[in-house]
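A.B. asks: Have a peek at entry_4.csv (CSV, C-alpha atoms).
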chain,number,residue,atom,x,y,z
A,6,MET,CA,7.6,-5.8,4.0
A,7,VAL,CA,4.2,-5.5,2.4
A,8,VAL,CA,3.0,-2.9,-0.1
A,9,ASP,CA,-0.7,-2.1,0.4
A,10,GLU,CA,-3.2,-1.4,-2.3
A,11,VAL,CA,-5.4,1.8,-2.2
A,12,ASP,CA,-7.8,2.3,-5.0
A,13,GLY,CA,-5.6,0.3,-7.4
A,14,ARG,CA,-2.4,2.1,-6.3
A,15,ARG,CA,0.5,0.4,-4.7
A,16,VAL,CA,1.2,2.3,-1.4
A,17,LEU,CA,4.1,1.6,1.0
A,18,PHE,CA,3.3,3.0,4.5
A,19,THR,CA,6.2,3.6,6.8
A,20,MET,CA,6.1,4.1,10.6
A,21,ALA,CA,8.9,4.2,13.2
A,22,VAL,CA,7.9,1.6,15.8
A,23,GLU,CA,5.2,-0.8,17.0
A,24,GLN,CA,4.1,1.6,19.7
A,25,GLU,CA,2.6,3.9,17.0
A,26,TYR,CA,0.9,1.0,15.2
A,27,GLY,CA,-2.3,0.6,17.0
A,28,PRO,CA,-5.4,-1.5,16.4
A,29,GLU,CA,-7.2,0.8,14.0
A,30,LEU,CA,-4.2,1.2,11.8
A,31,ARG,CA,-3.6,-2.6,12.0
A,32,ARG,CA,-7.0,-3.1,10.5
A,33,ARG,CA,-6.1,-1.0,7.5
A,34,ILE,CA,-2.3,-1.1,6.7
A,35,ARG,CA,0.8,-3.2,7.0
A,36,PRO,CA,3.6,-0.6,7.4
A,37,LEU,CA,7.3,-0.9,7.0
A,38,LEU,CA,8.7,-0.2,10.5
A,39,THR,CA,11.8,1.8,10.0
A,40,GLY,CA,13.1,2.2,13.6
A,41,VAL,CA,13.7,5.5,15.3
A,42,GLY,CA,15.8,8.3,14.0
A,43,PRO,CA,17.0,9.5,10.6
A,44,ILE,CA,19.8,6.9,10.1
A,45,ASP,CA,17.6,3.9,10.7
A,46,ALA,CA,14.7,5.4,8.7
A,47,ALA,CA,16.9,6.1,5.7
A,48,LEU,CA,18.6,2.7,5.8
A,49,THR,CA,15.4,0.7,6.2
A,50,THR,CA,13.4,2.7,3.7
A,51,GLY,CA,16.2,2.8,1.1
A,52,THR,CA,16.9,-1.0,1.5
A,53,ALA,CA,13.2,-1.7,1.1
A,54,LEU,CA,12.9,0.4,-2.0
A,55,GLN,CA,16.0,-1.1,-3.5
A,56,ARG,CA,14.5,-4.6,-3.1
A,57,LEU,CA,11.2,-3.5,-4.6
A,58,ALA,CA,13.0,-1.8,-7.5
A,59,GLY,CA,15.0,-5.0,-8.2
A,60,ALA,CA,11.7,-6.9,-8.4
A,61,GLY,CA,10.2,-4.3,-10.7
A,62,GLN,CA,7.6,-3.5,-7.9
A,63,LEU,CA,8.3,0.0,-6.7
A,64,PRO,CA,5.2,1.5,-5.1
A,65,ASP,CA,3.2,4.3,-6.6
A,66,LEU,CA,3.3,6.2,-3.4
A,67,VAL,CA,5.0,6.2,0.1
A,68,VAL,CA,3.1,7.5,3.1
A,69,SER,CA,5.2,8.4,6.1
A,70,LEU,CA,3.0,8.5,9.2
A,71,GLY,CA,3.2,8.4,13.0
A,72,SER,CA,3.5,10.9,15.9
A,73,ALA,CA,5.2,14.3,16.1
A,74,GLY,CA,5.8,17.0,18.7
A,75,SER,CA,4.6,20.6,18.4
A,76,ARG,CA,4.0,23.8,20.3
A,77,ARG,CA,1.9,25.3,17.5
A,78,CYS,CA,-0.4,22.4,16.6
A,79,PRO,CA,-2.9,21.2,19.2
A,80,LEU,CA,-2.3,17.9,21.0
A,81,GLY,CA,-4.2,15.0,19.5
A,82,THR,CA,-4.7,16.6,16.0
A,83,VAL,CA,-3.5,15.1,12.7
A,84,TRP,CA,-1.7,17.1,10.0
A,85,GLN,CA,-0.5,16.6,6.5
A,86,VAL,CA,3.2,17.5,6.1
A,87,SER,CA,3.3,20.5,3.7
A,88,GLY,CA,7.1,20.7,3.8
A,89,VAL,CA,9.9,18.8,5.4
A,90,SER,CA,13.4,19.9,6.6
A,91,TRP,CA,16.4,18.4,8.3
A,92,ARG,CA,17.4,20.3,11.5
A,93,ASP,CA,20.6,18.3,12.2
A,94,MET,CA,22.4,19.6,9.0
A,95,ASP,CA,24.3,22.8,9.6
A,96,ALA,CA,27.0,23.5,7.0
A,97,THR,CA,26.6,27.3,7.2
A,98,ARG,CA,30.4,27.7,7.9
A,99,LEU,CA,30.9,26.4,4.3
A,100,GLY,CA,28.3,28.9,2.9
A,101,PHE,CA,25.4,26.5,2.6
A,102,ALA,CA,22.0,27.3,4.0
A,103,ARG,CA,21.1,25.7,7.3
A,104,GLY,CA,19.4,22.4,6.6
A,105,VAL,CA,21.0,21.9,3.2
A,106,THR,CA,23.4,19.0,2.7
A,107,PRO,CA,26.5,20.2,0.9
A,108,PHE,CA,26.5,19.3,-2.8
A,109,ALA,CA,23.2,17.4,-2.5
A,110,ASP,CA,20.0,18.0,-4.5
A,111,HIS,CA,17.6,19.3,-1.9
A,112,ALA,CA,16.4,22.6,-0.5
A,113,ALA,CA,16.3,23.6,3.1
A,114,LEU,CA,12.6,23.1,3.1
A,115,GLU,CA,11.2,20.5,0.6
A,116,PRO,CA,7.5,20.9,-0.2
A,117,LEU,CA,5.3,17.8,-0.1
A,118,PRO,CA,1.8,17.2,-1.6
A,119,THR,CA,-1.2,17.6,0.7
A,120,PRO,CA,-3.9,15.8,-1.2
A,121,LEU,CA,-6.3,15.1,1.7
A,122,ALA,CA,-9.3,17.4,1.9
A,123,GLY,CA,-10.1,18.3,5.5
A,124,VAL,CA,-6.7,17.5,6.9
A,125,PRO,CA,-4.7,20.7,7.5
A,126,GLY,CA,-1.1,21.1,6.4
A,127,ALA,CA,1.9,22.0,8.5
A,128,THR,CA,5.7,22.1,8.1
A,129,LEU,CA,7.8,19.4,9.7
A,130,SER,CA,11.5,19.4,10.9
A,131,THR,CA,13.2,16.0,11.2
A,132,GLY,CA,16.2,15.5,13.4
A,133,SER,CA,17.9,13.0,15.7
A,134,ASP,CA,17.0,14.8,19.0
A,135,ILE,CA,13.8,14.9,21.1
A,136,VAL,CA,12.6,18.5,21.1
A,137,TRP,CA,10.7,19.9,24.1
A,138,GLY,CA,10.2,23.1,26.0
A,139,ALA,CA,12.5,25.9,25.0
A,140,GLY,CA,14.1,23.7,22.3
A,141,PHE,CA,11.2,24.6,20.0
A,142,ASP,CA,12.6,28.1,19.9
A,143,ALA,CA,15.4,27.0,17.6
A,144,VAL,CA,13.1,25.0,15.2
A,145,ASP,CA,11.6,26.9,12.2
A,146,ALA,CA,8.8,24.4,11.6
A,147,ASP,CA,5.3,23.7,13.0
A,148,MET,CA,6.1,20.1,14.0
A,149,VAL,CA,9.1,17.9,14.8
A,150,ASP,CA,9.8,14.2,14.3
A,151,MET,CA,12.8,11.9,13.7
A,152,GLU,CA,12.1,10.1,10.5
A,153,THR,CA,10.2,11.9,7.7
A,154,PHE,CA,13.0,13.7,6.0
A,155,ALA,CA,15.1,10.5,5.9
A,156,VAL,CA,12.2,8.6,4.3
A,157,TRP,CA,11.7,11.4,1.8
A,158,ARG,CA,15.4,11.3,0.8
A,159,ALA,CA,15.1,7.5,0.2
A,160,CYS,CA,12.0,8.1,-1.9
A,161,ARG,CA,13.7,10.9,-3.8
A,162,ARG,CA,16.6,8.5,-4.7
A,163,PHE,CA,14.1,6.1,-6.3
A,164,ALA,CA,11.8,8.8,-7.8
A,165,VAL,CA,8.8,7.6,-5.7
A,166,PRO,CA,6.3,10.3,-4.6
A,167,MET,CA,5.8,10.6,-0.8
A,168,ILE,CA,3.3,12.3,1.5
A,169,GLY,CA,3.4,12.6,5.3
A,170,LEU,CA,0.8,12.3,8.0
A,171,ARG,CA,1.6,13.2,11.6
A,172,GLY,CA,-0.4,13.2,14.8
A,173,ILE,CA,0.7,15.5,17.6
A,174,SER,CA,1.6,13.4,20.7
A,175,ASP,CA,3.6,16.0,22.7
A,176,GLY,CA,5.1,19.4,22.7
A,177,PRO,CA,3.7,21.9,25.2
A,178,GLY,CA,5.7,22.0,28.4
A,179,GLU,CA,8.2,19.5,29.6
A,180,LEU,CA,8.1,16.0,28.1
A,181,ASP,CA,7.4,13.5,30.9
A,182,GLY,CA,9.6,10.7,29.7
A,183,LEU,CA,8.4,7.8,27.6
A,184,VAL,CA,4.9,8.0,29.1
A,185,GLY,CA,4.6,11.6,27.9
A,186,TRP,CA,5.0,10.4,24.4
A,187,THR,CA,2.8,7.3,24.6
A,188,ALA,CA,-0.2,8.8,26.4
A,189,LEU,CA,-1.9,10.0,23.2
A,190,LEU,CA,-0.9,7.2,20.8
A,191,GLY,CA,-4.2,5.3,21.2
A,192,HIS,CA,-6.1,8.4,20.3
A,193,LEU,CA,-3.8,9.2,17.4
A,194,ASP,CA,-4.1,5.7,16.1
A,195,ARG,CA,-7.8,6.3,15.6
A,196,GLU,CA,-7.3,9.8,14.0
A,197,LEU,CA,-4.5,8.6,11.7
A,198,ALA,CA,-6.7,5.7,10.6
A,199,VAL,CA,-9.4,8.2,9.6
A,200,ALA,CA,-6.9,10.1,7.5
A,201,VAL,CA,-5.7,6.9,5.9
A,202,ASP,CA,-9.2,6.0,4.9
A,203,GLY,CA,-9.4,9.4,3.2
A,204,LEU,CA,-6.7,8.2,0.7
A,205,ALA,CA,-9.2,6.0,-1.0
A,206,GLY,CA,-11.3,9.0,-2.1
A,207,VAL,CA,-8.5,11.0,-3.6
A,208,VAL,CA,-8.3,11.0,-7.4
A,209,ASP,CA,-4.8,12.5,-7.6
A,210,LEU,CA,-2.8,11.6,-4.6
A,211,VAL,CA,0.3,13.5,-5.8
Would you mind writing the file's structure down as structure tokens?

C.D. replies:
Amino acid sequence: MVVDEVDGRRVLFTMAVEQEYGPELRRRIRPLLTGVGPIDAALTTGTALQRLAGAGQLPDLVVSLGSAGSRRCPLGTVWQVSGVSWRDMDATRLGFARGVTPFADHAALEPLPTPLAGVPGATLSTGSDIVWGAGFDAVDADMVDMETFAVWRACRRFAVPMIGLRGISDGPGELDGLVGWTALLGHLDRELAVAVDGLAGVVDLV
């Protein structure tokens, strides 16, 4: 685990898997690879932050980045996460709003900072399922992924600010297996690298 430095700030980048970590990003950052899904992402990020806290080296910022699905955002584009939610959590039978964990300290949609000029913002829903086709009808967000909310919860526990960057790899129509997800990852690697470069020019990241 390595914490990168951006303009004198300690920044921990997180990504799910090696497939998203292409050559352009490799030239710039050394991310924590969390694994796929909310459980692995929360465990890996939480453990990493605990170790850093124990060493007195918590980062100034965490950046969750990688791919996402969407029917609203065009394929191949990169977006800042303006708000994140958890689509798996449904305790409505107990009187809690959908997406809210009972007795926990979070809203159904948690706003995130969007400090990068020129990179549009969009809401993101995190869950443990692959969403495609008609499945988007049940998602009240612009994008879907499987890790960002979990990373945010770990950051919240340690009072570390977080921002999210996502590139749209799939969404319209039926997802054609693994190849349907990986086809645009090379392009998104280049686009996400440009967004990461933009962090260096931001005075107030959060």

A.B. asks: Measuring atom to atom with all atoms listed in the file, identify which of A:Asp150, A:Asp194, A:Asp95, A:Asp202 is nearest to Val41 (chain A).

C.D. replies: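 Among the listed residues, A:Asp150 lies closest to Val41 (chain A).
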
A.B. asks: At a cut-off of 7 Å, using all atoms listed in the file, what residues contact Gln85 (chain A)? Leave out same-chain residues fewer than 2 positions from it and give the result as an MDAnalysis selection string.

C.D. replies: chainID A and resid 87 119 124:127 169:171

A.B. asks: Let me make sure I understand: among A:Ala96, A:Leu38, A:Ala60, A:Ala164, which one has the smallest atom-to-atom distance to Tyr26 (chain A) if we use all atoms listed in the file?

C.D. replies: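 Among the listed residues, the smallest separation from Tyr26 (chain A) belongs to A:Leu38.
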
A.B. asks: In Å, how far is it from CA of His111 (chain A) to CA of Thr52 (chain A)?

C.D. replies: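 Taking CA of His111 (chain A) and CA of Thr52 (chain A), their separation equals 20.6 Å.
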
A.B. asks: Of the residues A:Val165, A:Val86, A:Val16, A:Val199, which is the one nearest to Ala73 (chain A), using all atoms listed in the file?

C.D. replies: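 Ranked by minimum distance to Ala73 (chain A), first place goes to A:Val86.
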
A.B. asks: How about completing region 191-207 of chain A with N, CA and C atoms and giving it to me as a JSON list (two decimals), keeping the file's coordinate frame?

C.D. replies:
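File written: rebuild28.json
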[["chain", "number", "residue", "atom", "x", "y", "z"],
["A", 191, "GLY", "N", -2.90, 6.02, 21.48],
["A", 191, "GLY", "CA", -4.20, 5.30, 21.20],
["A", 191, "GLY", "C", -5.14, 6.23, 20.47],
["A", 192, "HIS", "N", -5.25, 7.47, 20.93],
["A", 192, "HIS", "CA", -6.10, 8.40, 20.30],
["A", 192, "HIS", "C", -5.61, 8.73, 18.85],
["A", 193, "LEU", "N", -4.32, 8.91, 18.70],
["A", 193, "LEU", "CA", -3.80, 9.20, 17.40],
["A", 193, "LEU", "C", -3.90, 8.05, 16.43],
["A", 194, "ASP", "N", -3.86, 6.84, 16.94],
["A", 194, "ASP", "CA", -4.10, 5.70, 16.10],
["A", 194, "ASP", "C", -5.46, 5.79, 15.41],
["A", 195, "ARG", "N", -6.46, 6.17, 16.15],
["A", 195, "ARG", "CA", -7.80, 6.30, 15.60],
["A", 195, "ARG", "C", -7.87, 7.48, 14.59],
["A", 196, "GLU", "N", -7.24, 8.59, 14.93],
["A", 196, "GLU", "CA", -7.30, 9.80, 14.00],
["A", 196, "GLU", "C", -6.47, 9.54, 12.77],
["A", 197, "LEU", "N", -5.33, 8.90, 12.88],
["A", 197, "LEU", "CA", -4.50, 8.60, 11.70],
["A", 197, "LEU", "C", -5.26, 7.60, 10.79],
["A", 198, "ALA", "N", -5.98, 6.66, 11.40],
["A", 198, "ALA", "CA", -6.70, 5.70, 10.60],
["A", 198, "ALA", "C", -7.81, 6.39, 9.77],
["A", 199, "VAL", "N", -8.45, 7.40, 10.33],
["A", 199, "VAL", "CA", -9.40, 8.20, 9.60],
["A", 199, "VAL", "C", -8.77, 8.85, 8.38],
["A", 200, "ALA", "N", -7.59, 9.43, 8.60],
["A", 200, "ALA", "CA", -6.90, 10.10, 7.50],
["A", 200, "ALA", "C", -6.46, 9.08, 6.44],
["A", 201, "VAL", "N", -6.01, 7.90, 6.85],
["A", 201, "VAL", "CA", -5.70, 6.90, 5.90],
["A", 201, "VAL", "C", -6.87, 6.46, 5.06],
["A", 202, "ASP", "N", -8.02, 6.35, 5.70],
["A", 202, "ASP", "CA", -9.20, 6.00, 4.90],
["A", 202, "ASP", "C", -9.50, 7.07, 3.86],
["A", 203, "GLY", "N", -9.14, 8.32, 4.13],
["A", 203, "GLY", "CA", -9.40, 9.40, 3.20],
["A", 203, "GLY", "C", -8.55, 9.25, 1.89],
["A", 204, "LEU", "N", -7.47, 8.46, 1.94],
["A", 204, "LEU", "CA", -6.70, 8.20, 0.70],
["A", 204, "LEU", "C", -7.45, 7.59, -0.38],
["A", 205, "ALA", "N", -8.40, 6.74, 0.01],
["A", 205, "ALA", "CA", -9.20, 6.00, -1.00],
["A", 205, "ALA", "C", -10.05, 6.91, -1.85],
["A", 206, "GLY", "N", -10.40, 8.08, -1.34],
["A", 206, "GLY", "CA", -11.30, 9.00, -2.10],
["A", 206, "GLY", "C", -10.58, 10.04, -2.88],
["A", 207, "VAL", "N", -9.24, 10.01, -2.92],
["A", 207, "VAL", "CA", -8.50, 11.00, -3.60],
["A", 207, "VAL", "C", -8.16, 10.60, -5.02]]
